[in-house]
>>> print(open('data.txt').read())   # compact mmCIF, C-alpha atoms
# COMPACT_ATOMS: atom_id res chain seq x y z
CA MET Y 1 71.89 44.15 179.83
CA SER Y 2 75.50 43.35 178.95
CA ALA Y 3 78.31 45.73 179.90
CA GLN Y 4 78.84 46.57 176.22
CA GLN Y 5 75.14 47.26 175.70
CA LYS Y 6 75.11 49.54 178.73
CA LYS Y 7 78.12 51.47 177.42
CA PHE Y 8 76.42 51.75 174.04
CA GLU Y 9 73.27 53.21 175.62
CA GLN Y 10 75.38 55.65 177.63
CA PHE Y 11 77.33 56.69 174.55
CA ARG Y 12 74.26 57.20 172.40
CA ALA Y 13 72.58 59.22 175.17
CA LEU Y 14 75.56 61.61 175.37
CA HIS Y 15 74.82 62.73 171.80
CA GLN Y 16 71.20 63.50 172.57
CA ARG Y 17 71.85 65.98 175.36
CA PRO Y 18 71.54 69.70 174.67
CA LYS Y 19 75.10 70.21 175.94
CA ALA Y 20 78.29 69.25 174.14
CA PHE Y 21 80.67 66.65 175.56
CA VAL Y 22 84.40 66.25 175.02
CA ILE Y 23 85.69 62.87 173.90
CA PRO Y 24 89.51 62.88 174.25
CA ASN Y 25 91.69 60.48 172.32
CA PRO Y 26 94.13 58.20 174.19
CA TRP Y 27 96.59 56.13 172.20
CA ASP Y 28 97.41 53.27 174.59
CA ALA Y 29 96.32 51.74 177.88
CA GLY Y 30 98.39 54.13 180.01
CA SER Y 31 97.03 57.31 178.44
CA THR Y 32 93.57 55.74 178.68
CA ARG Y 33 93.89 55.31 182.43
CA LEU Y 34 95.09 58.89 182.86
CA LEU Y 35 92.21 60.35 180.86
CA THR Y 36 89.65 58.11 182.55
CA SER Y 37 90.75 59.42 185.95
CA LEU Y 38 89.88 63.00 184.97
CA GLY Y 39 86.14 62.43 184.71
CA PHE Y 40 85.51 62.37 180.97
CA GLU Y 41 82.36 60.52 179.92
CA ALA Y 42 83.69 58.68 176.86
CA LEU Y 43 86.93 58.14 174.98
CA ALA Y 44 87.94 57.68 171.35
CA THR Y 45 91.01 56.12 169.78
CA THR Y 46 93.37 58.05 167.52
CA SER Y 47 95.03 56.52 164.49
CA ALA Y 48 97.66 59.27 164.56
CA GLY Y 49 98.53 58.79 168.22
CA TYR Y 50 98.75 55.03 167.79
CA ALA Y 51 100.88 55.36 164.65
CA PHE Y 52 103.31 57.72 166.40
CA SER Y 53 103.61 55.32 169.33
CA ARG Y 54 104.68 52.66 166.85
CA GLY Y 55 107.20 54.94 165.15
CA ARG Y 56 105.11 55.19 162.01
CA ARG Y 57 103.31 57.84 160.01
CA ASP Y 58 99.55 58.23 160.24
CA SER Y 59 98.22 57.12 156.86
CA LEU Y 60 95.30 55.17 155.45
CA THR Y 61 97.64 52.53 154.05
CA GLY Y 62 100.13 52.42 156.92
CA LEU Y 63 97.98 50.77 159.58
CA ALA Y 64 96.31 47.38 159.20
CA ARG Y 65 92.85 46.66 160.53
CA ASP Y 66 94.05 43.92 162.90
CA GLU Y 67 96.58 46.14 164.63
CA VAL Y 68 94.22 49.11 164.89
CA LEU Y 69 91.55 46.90 166.45
CA ALA Y 70 94.11 45.35 168.79
CA ASN Y 71 95.03 48.85 169.96
CA ALA Y 72 91.33 49.66 170.38
CA ALA Y 73 90.80 46.49 172.43
CA GLU Y 74 93.69 47.52 174.70
CA ILE Y 75 92.04 50.89 175.26
CA VAL Y 76 88.61 49.33 175.86
CA GLY Y 77 90.17 47.02 178.44
CA ALA Y 78 91.78 49.91 180.33
CA THR Y 79 88.60 51.90 181.05
CA HIS Y 80 85.01 51.55 182.22
CA LEU Y 81 84.00 54.29 179.78
CA PRO Y 82 82.38 53.87 176.34
CA VAL Y 83 85.03 53.87 173.61
CA SER Y 84 84.62 54.85 169.96
CA ALA Y 85 87.31 54.20 167.35
CA ASP Y 86 88.94 55.97 164.46
CA LEU Y 87 88.46 53.30 161.78
CA GLY Y 88 89.96 55.34 158.97
CA ASP Y 89 88.53 54.51 155.57
CA GLY Y 90 87.13 51.22 156.83
CA PHE Y 91 90.35 49.50 155.67
CA GLY Y 92 89.24 49.17 152.09
CA ALA Y 93 87.35 50.88 149.30
CA ASP Y 94 84.69 48.20 149.00
CA ALA Y 95 81.42 48.78 150.85
CA GLU Y 96 81.35 45.26 152.26
CA THR Y 97 84.85 45.77 153.68
CA CYS Y 98 83.52 48.75 155.63
CA ALA Y 99 80.66 46.61 156.93
CA GLU Y 100 83.05 43.86 158.02
CA THR Y 101 85.20 46.45 159.81
CA ILE Y 102 82.18 47.55 161.84
CA ARG Y 103 81.35 43.96 162.78
CA GLU Y 104 84.94 43.23 163.83
CA ALA Y 105 85.16 46.51 165.75
CA SER Y 106 82.09 45.61 167.77
CA LEU Y 107 83.70 42.30 168.77
CA THR Y 108 86.51 44.21 170.54
CA GLY Y 109 84.04 45.92 172.88
CA LEU Y 110 83.96 49.21 171.01
CA VAL Y 111 80.56 50.92 171.04
CA GLY Y 112 81.23 53.34 168.20
CA GLY Y 113 83.49 54.16 165.33
CA SER Y 114 83.97 56.39 162.31
CA ILE Y 115 84.24 55.66 158.60
CA GLU Y 116 85.67 58.39 156.38
CA ASP Y 117 85.33 59.05 152.65
CA ALA Y 118 89.07 59.57 152.01
CA THR Y 119 90.75 57.24 149.52
CA GLY Y 120 94.47 57.53 150.26
CA ASP Y 121 95.01 58.42 146.59
CA PRO Y 122 96.42 61.96 146.16
CA ASP Y 123 94.98 62.14 142.63
CA ARG Y 124 91.43 61.57 143.89
CA PRO Y 125 91.55 62.10 147.64
CA VAL Y 126 87.86 61.43 148.40
CA HIS Y 127 85.52 58.80 147.04
CA ALA Y 128 82.95 59.77 144.43
CA PHE Y 129 79.72 60.85 146.07
CA ALA Y 130 77.61 57.79 145.24
CA HIS Y 131 80.30 55.34 146.32
CA ALA Y 132 80.96 57.28 149.52
CA VAL Y 133 77.27 57.01 150.41
CA GLU Y 134 77.19 53.31 149.53
CA ARG Y 135 80.07 52.68 151.93
CA VAL Y 136 78.32 54.49 154.78
CA ARG Y 137 75.08 52.63 154.06
CA ALA Y 138 76.84 49.27 154.28
CA ALA Y 139 78.53 50.27 157.54
CA ALA Y 140 75.22 51.52 158.96
CA GLU Y 141 73.46 48.29 158.05
CA ALA Y 142 76.18 46.34 159.83
CA ALA Y 143 75.87 48.58 162.90
CA ARG Y 144 72.09 48.44 163.02
CA ASP Y 145 71.87 45.18 164.96
CA LEU Y 146 74.95 45.88 167.07
CA PRO Y 147 75.57 48.08 170.12
CA PHE Y 148 77.47 50.49 167.90
CA VAL Y 149 77.15 54.22 167.09
CA LEU Y 150 78.36 54.92 163.55
CA THR Y 151 80.02 58.23 162.74
CA ALA Y 152 80.43 59.19 159.07
CA ARG Y 153 83.21 61.59 158.08
CA ALA Y 154 83.43 63.92 155.07
CA GLU Y 155 87.11 64.62 154.53
CA ASN Y 156 87.01 67.41 151.91
CA TYR Y 157 88.71 70.10 153.97
CA LEU Y 158 91.62 67.87 154.97
CA TYR Y 159 92.48 67.43 151.30
CA GLY Y 160 92.12 70.97 149.98
CA ILE Y 161 88.56 70.54 148.67
CA GLU Y 162 87.15 73.64 150.32
CA SER Y 163 83.52 73.25 149.32
CA LEU Y 164 81.10 73.68 152.18
CA ASP Y 165 78.18 72.87 149.88
CA ASP Y 166 79.65 69.50 148.85
CA THR Y 167 80.62 68.73 152.44
CA ILE Y 168 77.09 69.39 153.66
CA LYS Y 169 75.64 67.39 150.76
CA ARG Y 170 77.79 64.43 151.75
CA LEU Y 171 76.93 64.70 155.43
CA GLN Y 172 73.21 64.91 154.67
CA ALA Y 173 73.47 61.83 152.46
CA PHE Y 174 75.46 59.98 155.11
CA ALA Y 175 72.71 60.72 157.62
CA GLU Y 176 70.07 59.43 155.22
CA ALA Y 177 72.19 56.30 154.72
CA GLY Y 178 72.05 55.59 158.46
CA ALA Y 179 74.97 57.34 160.16
CA GLU Y 180 74.10 58.47 163.70
CA VAL Y 181 76.85 61.09 164.05
CA LEU Y 182 78.40 63.35 161.41
CA TYR Y 183 81.91 64.75 161.23
CA ALA Y 184 83.75 67.03 158.79
CA PRO Y 185 87.28 67.60 160.13
CA GLY Y 186 89.11 70.78 159.20
CA LEU Y 187 86.16 73.15 158.81
CA PRO Y 188 87.68 76.61 158.44
CA ASP Y 189 85.86 78.66 161.07
CA LEU Y 190 82.99 78.87 163.52
CA ASP Y 191 80.58 80.14 160.84
CA ALA Y 192 81.21 77.01 158.78
CA ILE Y 193 80.74 74.84 161.86
CA ARG Y 194 77.50 76.63 162.69
CA THR Y 195 76.25 76.17 159.12
CA VAL Y 196 76.98 72.45 159.13
CA CYS Y 197 75.18 71.98 162.44
CA ARG Y 198 72.17 73.90 161.14
CA GLU Y 199 71.96 72.00 157.84
CA VAL Y 200 72.10 68.43 159.17
CA ASP Y 201 69.74 66.51 161.44
CA ARG Y 202 72.29 64.43 163.33
CA PRO Y 203 74.71 65.25 166.15
CA VAL Y 204 77.92 66.80 164.83
CA ASN Y 205 81.46 66.04 166.01
CA VAL Y 206 84.13 68.73 165.68
CA VAL Y 207 87.84 68.19 166.28
CA MET Y 208 89.97 70.75 168.09
CA GLY Y 209 93.76 70.90 168.07
CA LEU Y 210 94.05 69.66 164.49
CA LYS Y 211 94.67 72.88 162.57
CA GLY Y 212 93.22 76.35 162.19
CA PRO Y 213 91.45 78.34 164.92
CA VAL Y 214 90.70 76.86 168.32
CA TYR Y 215 87.34 77.47 169.98
CA SER Y 216 86.15 76.79 173.52
CA VAL Y 217 83.65 74.12 174.46
CA SER Y 218 81.03 76.80 175.13
CA GLU Y 219 81.60 78.46 171.74
CA LEU Y 220 81.24 75.13 169.94
CA GLU Y 221 78.20 74.20 171.99
CA ASP Y 222 76.53 77.50 171.10
CA ALA Y 223 77.23 76.76 167.42
CA GLY Y 224 75.32 73.49 167.71
CA VAL Y 225 78.17 71.01 168.17
CA ARG Y 226 77.37 67.99 170.33
CA ARG Y 227 80.70 66.14 170.45
CA ILE Y 228 84.25 67.52 170.56
CA SER Y 229 87.27 65.31 169.92
CA VAL Y 230 90.97 66.16 169.91
CA GLY Y 231 92.36 63.64 167.41
CA GLY Y 232 96.08 63.10 167.77
CA SER Y 233 96.70 66.49 169.39
CA MET Y 234 97.09 65.13 172.95
CA ALA Y 235 99.55 62.53 171.68
CA ARG Y 236 101.44 65.32 169.92
CA ALA Y 237 101.35 67.40 173.11
CA ALA Y 238 102.89 64.48 175.01
CA LEU Y 239 105.59 64.09 172.36
CA GLY Y 240 106.13 67.84 172.46
CA GLY Y 241 106.81 67.61 176.19
CA LEU Y 242 109.29 64.79 175.58
CA MET Y 243 111.12 66.78 172.91
CA ARG Y 244 111.33 69.91 175.06
CA ALA Y 245 112.69 67.90 177.99
CA ALA Y 246 115.25 66.14 175.82
CA GLU Y 247 116.31 69.38 174.13
CA GLU Y 248 116.83 71.04 177.53
CA VAL Y 249 119.09 68.20 178.66
CA ARG Y 250 120.95 68.08 175.34
CA THR Y 251 121.50 71.82 174.87
CA SER Y 252 121.56 73.21 178.42
CA GLY Y 253 122.62 70.28 180.53
CA THR Y 254 119.81 71.01 182.97
CA PHE Y 255 116.82 69.01 184.16
CA THR Y 256 114.22 71.61 185.15
CA TYR Y 257 111.61 69.82 183.00
CA ALA Y 258 111.20 67.27 185.81
CA ALA Y 259 109.43 69.86 188.00
CA ALA Y 260 106.42 69.77 185.67
CA ALA Y 261 106.41 65.98 185.27
CA LEU Y 262 103.65 63.87 186.81
CA PRO Y 263 104.92 62.25 190.02
CA GLY Y 264 105.51 58.54 189.72
CA SER Y 265 103.19 57.93 192.67
CA VAL Y 266 100.30 59.65 190.89
CA ILE Y 267 100.85 57.60 187.75
CA SER Y 268 101.30 54.34 189.66
CA ALA Y 269 98.01 54.86 191.49
CA LEU Y 270 96.18 54.82 188.14
CA MET Y 271 97.91 51.73 186.74
CA VAL Y 272 97.52 48.01 187.42
CA GLU Y 273 100.01 45.27 188.27
>>> encode(input="data.txt", output="structure tokens")
Amino acid sequence: MSAQQKKFEQFRALHQRPKAFVIPNPWDAGSTRLLTSLGFEALATTSAGYAFSRGRRDSLTGLARDEVLANAAEIVGATHLPVSADLGDGFGADAETCAETIREASLTGLVGGSIEDATGDPDRPVHAFAHAVERVRAAAEAARDLPFVLTARAENYLYGIESLDDTIKRLQAFAEAGAEVLYAPGLPDLDAIRTVCREVDRPVNVVMGLKGPVYSVSELEDAGVRRISVGGSMARAALGGLMRAAEEVRTSGTFTYAAAALPGSVISALMVE
């Protein structure tokens, strides 16, 4: 069994356990090494965190497939853990483009990734139902013969389409089309999360730290969630720490922030030459 196949089997098995697991989102090799050291069982990339590290906004049109996959390869190379990727909208509206994205993602060593139904067009923010399903089906067919766990995302709630019925309908159709994991970011509350988990027959990912209420791992697990990600929130937390430190120096002329900083020796021990 190849190393990638072994990671794939490990990653798939995590979703089948009765307990939820947390999959944090590093944005570069350094943050990957830090998170790996803490004992997590898998990692996922973050388009937002990567975009911020490049001084750019997180948007469907702002990041090219080649650079996102290069970032993912850097993260894969910095950990022994299975890595899944935020693949946005598959980098194109066409179903075959989504399939090609899955094939190229697998070549980087990724063992999972997500395709969302957002369009990037504010006038029609999500794809029409039938086309959204077609895109997931093409991605699932591409993943079928690869060591790759496909996650399908229904983006309604991120774009003001607050229809739980339509969101569930999409997730159910995505599952029928071959997605192994389902994800609807931005669900409004624990009742909605519980309803989604009850109405679908695939493991459900929920993101914490994005917006709205924050629930504990045990609360989400009791609601039926099997995977918990954090999106770009850890990257934003790191940037928040930077801003607070810089503001202290700029406004107060003091350097007390350094007392809470990770010692250089701790960081160095996790890095490579």
>>> residues_around(input="data.txt", residues="stretch 70-87 of chain Y", least_positions_apart="2", cutoff="7 Å", atoms="all atoms listed in the file", output="list in words")
Lys7, Phe8, Phe11, Asp28, Ala29, Thr32, Arg33, Thr36, Glu41, Ala42, Leu43, Ala44, Thr45, Thr46, Ser47, Asp66, Glu67, Val68, Asp89, Gly90, Thr108, Gly109, Leu110, Val111, Gly112, Gly113, Ser114 and Ile115 of chain Y
>>> write_last_selection(input="data.txt", atoms="C-alpha atoms", output="CSV table (one decimal), in the frame of the given file")
chain,number,residue,atom,x,y,z
Y,7,LYS,CA,78.1,51.5,177.4
Y,8,PHE,CA,76.4,51.8,174.0
Y,11,PHE,CA,77.3,56.7,174.6
Y,28,ASP,CA,97.4,53.3,174.6
Y,29,ALA,CA,96.3,51.7,177.9
Y,32,THR,CA,93.6,55.7,178.7
Y,33,ARG,CA,93.9,55.3,182.4
Y,36,THR,CA,89.6,58.1,182.6
Y,41,GLU,CA,82.4,60.5,179.9
Y,42,ALA,CA,83.7,58.7,176.9
Y,43,LEU,CA,86.9,58.1,175.0
Y,44,ALA,CA,87.9,57.7,171.4
Y,45,THR,CA,91.0,56.1,169.8
Y,46,THR,CA,93.4,58.0,167.5
Y,47,SER,CA,95.0,56.5,164.5
Y,66,ASP,CA,94.0,43.9,162.9
Y,67,GLU,CA,96.6,46.1,164.6
Y,68,VAL,CA,94.2,49.1,164.9
Y,89,ASP,CA,88.5,54.5,155.6
Y,90,GLY,CA,87.1,51.2,156.8
Y,108,THR,CA,86.5,44.2,170.5
Y,109,GLY,CA,84.0,45.9,172.9
Y,110,LEU,CA,84.0,49.2,171.0
Y,111,VAL,CA,80.6,50.9,171.0
Y,112,GLY,CA,81.2,53.3,168.2
Y,113,GLY,CA,83.5,54.2,165.3
Y,114,SER,CA,84.0,56.4,162.3
Y,115,ILE,CA,84.2,55.7,158.6
>>> closest_residue(input="data.txt", among="Y:Arg198, Y:Lys211, Y:Arg135, Y:Arg124", to="Y:Ala177", atoms="all atoms listed in the file")
Y:Arg135
>>> atom_distance(input="data.txt", atom1="atom CA of Y:Ala223", atom2="atom CA of Y:Ala173")
21.5 Å
>>> atom_distance(input="data.txt", atom1="atom CA of Y:Val266", atom2="atom CA of Y:Ala51")
26.6 Å
>>> atom_distance(input="data.txt", atom1="atom CA of Y:Val136", atom2="atom CA of Y:Gly88")
12.4 Å
>>> closest_residue(input="data.txt", among="Y:Glu247, Y:Asp165, Y:Glu155, Y:Asp222", to="Y:Ala184", atoms="all atoms listed in the file")
Y:Glu155
>>> closest_residue(input="data.txt", among="Y:Val272, Y:Ala258, Y:Val249, Y:Leu239", to="Y:Ser53", atoms="all atoms listed in the file")
Y:Leu239
>>> residues_near_point(input="data.txt", point="(75.8, 44.3, 157.2)", cutoff="8 Å", atoms="all atoms listed in the file", output="count of residues only")
10
>>> residues_near_point(input="data.txt", point="(86.3, 70.5, 158.8)", cutoff="8 Å", atoms="all atoms listed in the file", output="ChimeraX atom specification")
/Y:155-158,183-188,193,206-207
>>> residues_around(input="data.txt", residues="Y:Ala260", least_positions_apart="5", cutoff="12 Å", atoms="only C-alpha atoms", output="ChimeraX atom specification")
/Y:241-242,244-245,255
>>> closest_residue(input="data.txt", among="Y:Leu60, Y:Met271, Y:Leu69, Y:Leu164", to="Y:Ala192", atoms="only C-alpha atoms")
Y:Leu164
>>> closest_residue(input="data.txt", among="Y:Cys197, Y:Tyr257, Y:Tyr159, Y:Gly178", to="Y:Asp121", atoms="only C-alpha atoms")
Y:Tyr159
>>> closest_residue(input="data.txt", among="Y:Phe91, Y:Ala154, Y:Ser106, Y:Phe148", to="Y:Val126", atoms="all atoms listed in the file")
Y:Ala154
>>> decode(input="data.txt", residues="stretch 54-179 of chain Y", atoms="C-alpha atoms", output="JSON list (two decimals), in the first residue's frame")
[["chain", "number", "residue", "atom", "x", "y", "z"],
["Y", 54, "ARG", "CA", -0.45, 36.28, -0.13],
["Y", 55, "GLY", "CA", -1.95, 39.69, 0.64],
["Y", 56, "ARG", "CA", -5.09, 38.92, -1.33],
["Y", 57, "ARG", "CA", -8.81, 38.59, -0.71],
["Y", 58, "ASP", "CA", -10.44, 35.18, -0.47],
["Y", 59, "SER", "CA", -12.60, 34.90, -3.59],
["Y", 60, "LEU", "CA", -13.57, 32.29, -6.15],
["Y", 61, "THR", "CA", -11.95, 34.29, -8.92],
["Y", 62, "GLY", "CA", -8.91, 35.54, -7.01],
["Y", 63, "LEU", "CA", -6.99, 32.27, -6.65],
["Y", 64, "ALA", "CA", -5.87, 30.11, -9.56],
["Y", 65, "ARG", "CA", -5.96, 26.34, -9.44],
["Y", 66, "ASP", "CA", -2.19, 25.97, -9.92],
["Y", 67, "GLU", "CA", -1.33, 28.19, -6.97],
["Y", 68, "VAL", "CA", -3.93, 26.63, -4.67],
["Y", 69, "LEU", "CA", -2.63, 23.16, -5.49],
["Y", 70, "ALA", "CA", 0.96, 24.31, -5.01],
["Y", 71, "ASN", "CA", 0.00, 25.55, -1.54],
["Y", 72, "ALA", "CA", -1.74, 22.23, -0.86],
["Y", 73, "ALA", "CA", 1.36, 20.30, -1.96],
["Y", 74, "GLU", "CA", 3.46, 22.38, 0.45],
["Y", 75, "ILE", "CA", 1.10, 21.46, 3.28],
["Y", 76, "VAL", "CA", 1.05, 17.77, 2.29],
["Y", 77, "GLY", "CA", 4.84, 17.77, 2.30],
["Y", 78, "ALA", "CA", 5.03, 19.24, 5.81],
["Y", 79, "THR", "CA", 3.00, 16.55, 7.61],
["Y", 80, "HIS", "CA", 2.52, 12.80, 7.89],
["Y", 81, "LEU", "CA", -1.22, 13.36, 8.34],
["Y", 82, "PRO", "CA", -3.96, 12.99, 5.70],
["Y", 83, "VAL", "CA", -4.72, 16.34, 4.08],
["Y", 84, "SER", "CA", -7.96, 17.46, 2.43],
["Y", 85, "ALA", "CA", -8.21, 20.66, 0.39],
["Y", 86, "ASP", "CA", -10.58, 23.56, -0.04],
["Y", 87, "LEU", "CA", -10.96, 23.44, -3.84],
["Y", 88, "GLY", "CA", -13.50, 26.25, -4.03],
["Y", 89, "ASP", "CA", -15.88, 25.93, -6.94],
["Y", 90, "GLY", "CA", -13.60, 23.47, -8.70],
["Y", 91, "PHE", "CA", -12.01, 26.40, -10.58],
["Y", 92, "GLY", "CA", -14.69, 26.57, -13.21],
["Y", 93, "ALA", "CA", -18.40, 26.21, -13.83],
["Y", 94, "ASP", "CA", -18.07, 23.27, -16.21],
["Y", 95, "ALA", "CA", -18.52, 19.79, -14.75],
["Y", 96, "GLU", "CA", -15.44, 18.43, -16.51],
["Y", 97, "THR", "CA", -13.35, 21.24, -15.01],
["Y", 98, "CYS", "CA", -14.40, 20.03, -11.55],
["Y", 99, "ALA", "CA", -13.39, 16.49, -12.50],
["Y", 100, "GLU", "CA", -9.99, 17.66, -13.74],
["Y", 101, "THR", "CA", -9.47, 19.58, -10.50],
["Y", 102, "ILE", "CA", -10.01, 16.38, -8.51],
["Y", 103, "ARG", "CA", -7.53, 14.48, -10.67],
["Y", 104, "GLU", "CA", -4.90, 17.21, -10.35],
["Y", 105, "ALA", "CA", -5.50, 17.50, -6.60],
["Y", 106, "SER", "CA", -4.85, 13.80, -6.14],
["Y", 107, "LEU", "CA", -1.49, 14.15, -7.92],
["Y", 108, "THR", "CA", -0.30, 16.53, -5.16],
["Y", 109, "GLY", "CA", -0.77, 13.87, -2.48],
["Y", 110, "LEU", "CA", -4.09, 15.20, -1.21],
["Y", 111, "VAL", "CA", -6.51, 12.49, -0.08],
["Y", 112, "GLY", "CA", -9.63, 14.64, -0.04],
["Y", 113, "GLY", "CA", -11.14, 17.88, -1.16],
["Y", 114, "SER", "CA", -14.34, 19.88, -1.40],
["Y", 115, "ILE", "CA", -16.30, 21.24, -4.35],
["Y", 116, "GLU", "CA", -18.88, 23.95, -3.63],
["Y", 117, "ASP", "CA", -21.94, 25.08, -5.57],
["Y", 118, "ALA", "CA", -21.15, 28.82, -5.38],
["Y", 119, "THR", "CA", -20.72, 30.68, -8.67],
["Y", 120, "GLY", "CA", -18.87, 33.87, -7.76],
["Y", 121, "ASP", "CA", -21.67, 35.84, -9.44],
["Y", 122, "PRO", "CA", -23.54, 38.09, -6.95],
["Y", 123, "ASP", "CA", -26.64, 38.04, -9.18],
["Y", 124, "ARG", "CA", -26.90, 34.25, -9.00],
["Y", 125, "PRO", "CA", -24.63, 33.17, -6.15],
["Y", 126, "VAL", "CA", -25.23, 29.40, -6.38],
["Y", 127, "HIS", "CA", -25.51, 27.15, -9.39],
["Y", 128, "ALA", "CA", -28.93, 25.93, -10.49],
["Y", 129, "PHE", "CA", -29.82, 22.68, -8.78],
["Y", 130, "ALA", "CA", -29.38, 20.35, -11.76],
["Y", 131, "HIS", "CA", -26.05, 21.85, -12.78],
["Y", 132, "ALA", "CA", -24.79, 21.79, -9.19],
["Y", 133, "VAL", "CA", -25.55, 18.06, -9.02],
["Y", 134, "GLU", "CA", -23.92, 17.45, -12.41],
["Y", 135, "ARG", "CA", -20.72, 19.09, -11.17],
["Y", 136, "VAL", "CA", -20.62, 16.92, -8.04],
["Y", 137, "ARG", "CA", -21.31, 13.80, -10.10],
["Y", 138, "ALA", "CA", -18.39, 14.55, -12.42],
["Y", 139, "ALA", "CA", -16.09, 15.19, -9.44],
["Y", 140, "ALA", "CA", -17.26, 11.97, -7.75],
["Y", 141, "GLU", "CA", -16.63, 9.94, -10.90],
["Y", 142, "ALA", "CA", -13.11, 11.35, -11.07],
["Y", 143, "ALA", "CA", -12.52, 10.52, -7.40],
["Y", 144, "ARG", "CA", -13.92, 7.01, -7.64],
["Y", 145, "ASP", "CA", -10.71, 5.39, -8.86],
["Y", 146, "LEU", "CA", -8.44, 7.61, -6.80],
["Y", 147, "PRO", "CA", -7.45, 7.62, -3.11],
["Y", 148, "PHE", "CA", -9.65, 10.67, -2.62],
["Y", 149, "VAL", "CA", -12.60, 11.52, -0.33],
["Y", 150, "LEU", "CA", -14.92, 14.01, -2.03],
["Y", 151, "THR", "CA", -16.80, 16.57, 0.06],
["Y", 152, "ALA", "CA", -19.70, 18.43, -1.57],
["Y", 153, "ARG", "CA", -20.69, 21.85, -0.24],
["Y", 154, "ALA", "CA", -24.06, 23.63, -0.41],
["Y", 155, "GLU", "CA", -23.33, 27.33, -0.02],
["Y", 156, "ASN", "CA", -26.85, 28.78, 0.39],
["Y", 157, "TYR", "CA", -26.39, 30.23, 3.86],
["Y", 158, "LEU", "CA", -23.15, 32.02, 2.98],
["Y", 159, "TYR", "CA", -25.02, 33.98, 0.31],
["Y", 160, "GLY", "CA", -28.21, 34.92, 2.12],
["Y", 161, "ILE", "CA", -30.31, 32.04, 0.75],
["Y", 162, "GLU", "CA", -31.66, 30.90, 4.10],
["Y", 163, "SER", "CA", -33.60, 27.86, 2.95],
["Y", 164, "LEU", "CA", -32.92, 24.76, 5.00],
["Y", 165, "ASP", "CA", -35.18, 22.72, 2.72],
["Y", 166, "ASP", "CA", -33.23, 23.63, -0.41],
["Y", 167, "THR", "CA", -29.93, 23.10, 1.37],
["Y", 168, "ILE", "CA", -30.96, 19.61, 2.47],
["Y", 169, "LYS", "CA", -32.31, 18.84, -1.00],
["Y", 170, "ARG", "CA", -28.94, 19.77, -2.49],
["Y", 171, "LEU", "CA", -26.97, 17.77, 0.05],
["Y", 172, "GLN", "CA", -29.15, 14.70, -0.49],
["Y", 173, "ALA", "CA", -28.66, 15.00, -4.25],
["Y", 174, "PHE", "CA", -24.91, 15.47, -3.82],
["Y", 175, "ALA", "CA", -24.80, 12.26, -1.78],
["Y", 176, "GLU", "CA", -26.74, 10.40, -4.47],
["Y", 177, "ALA", "CA", -24.29, 11.78, -7.05],
["Y", 178, "GLY", "CA", -21.37, 10.20, -5.17],
["Y", 179, "ALA", "CA", -20.09, 12.66, -2.57]]
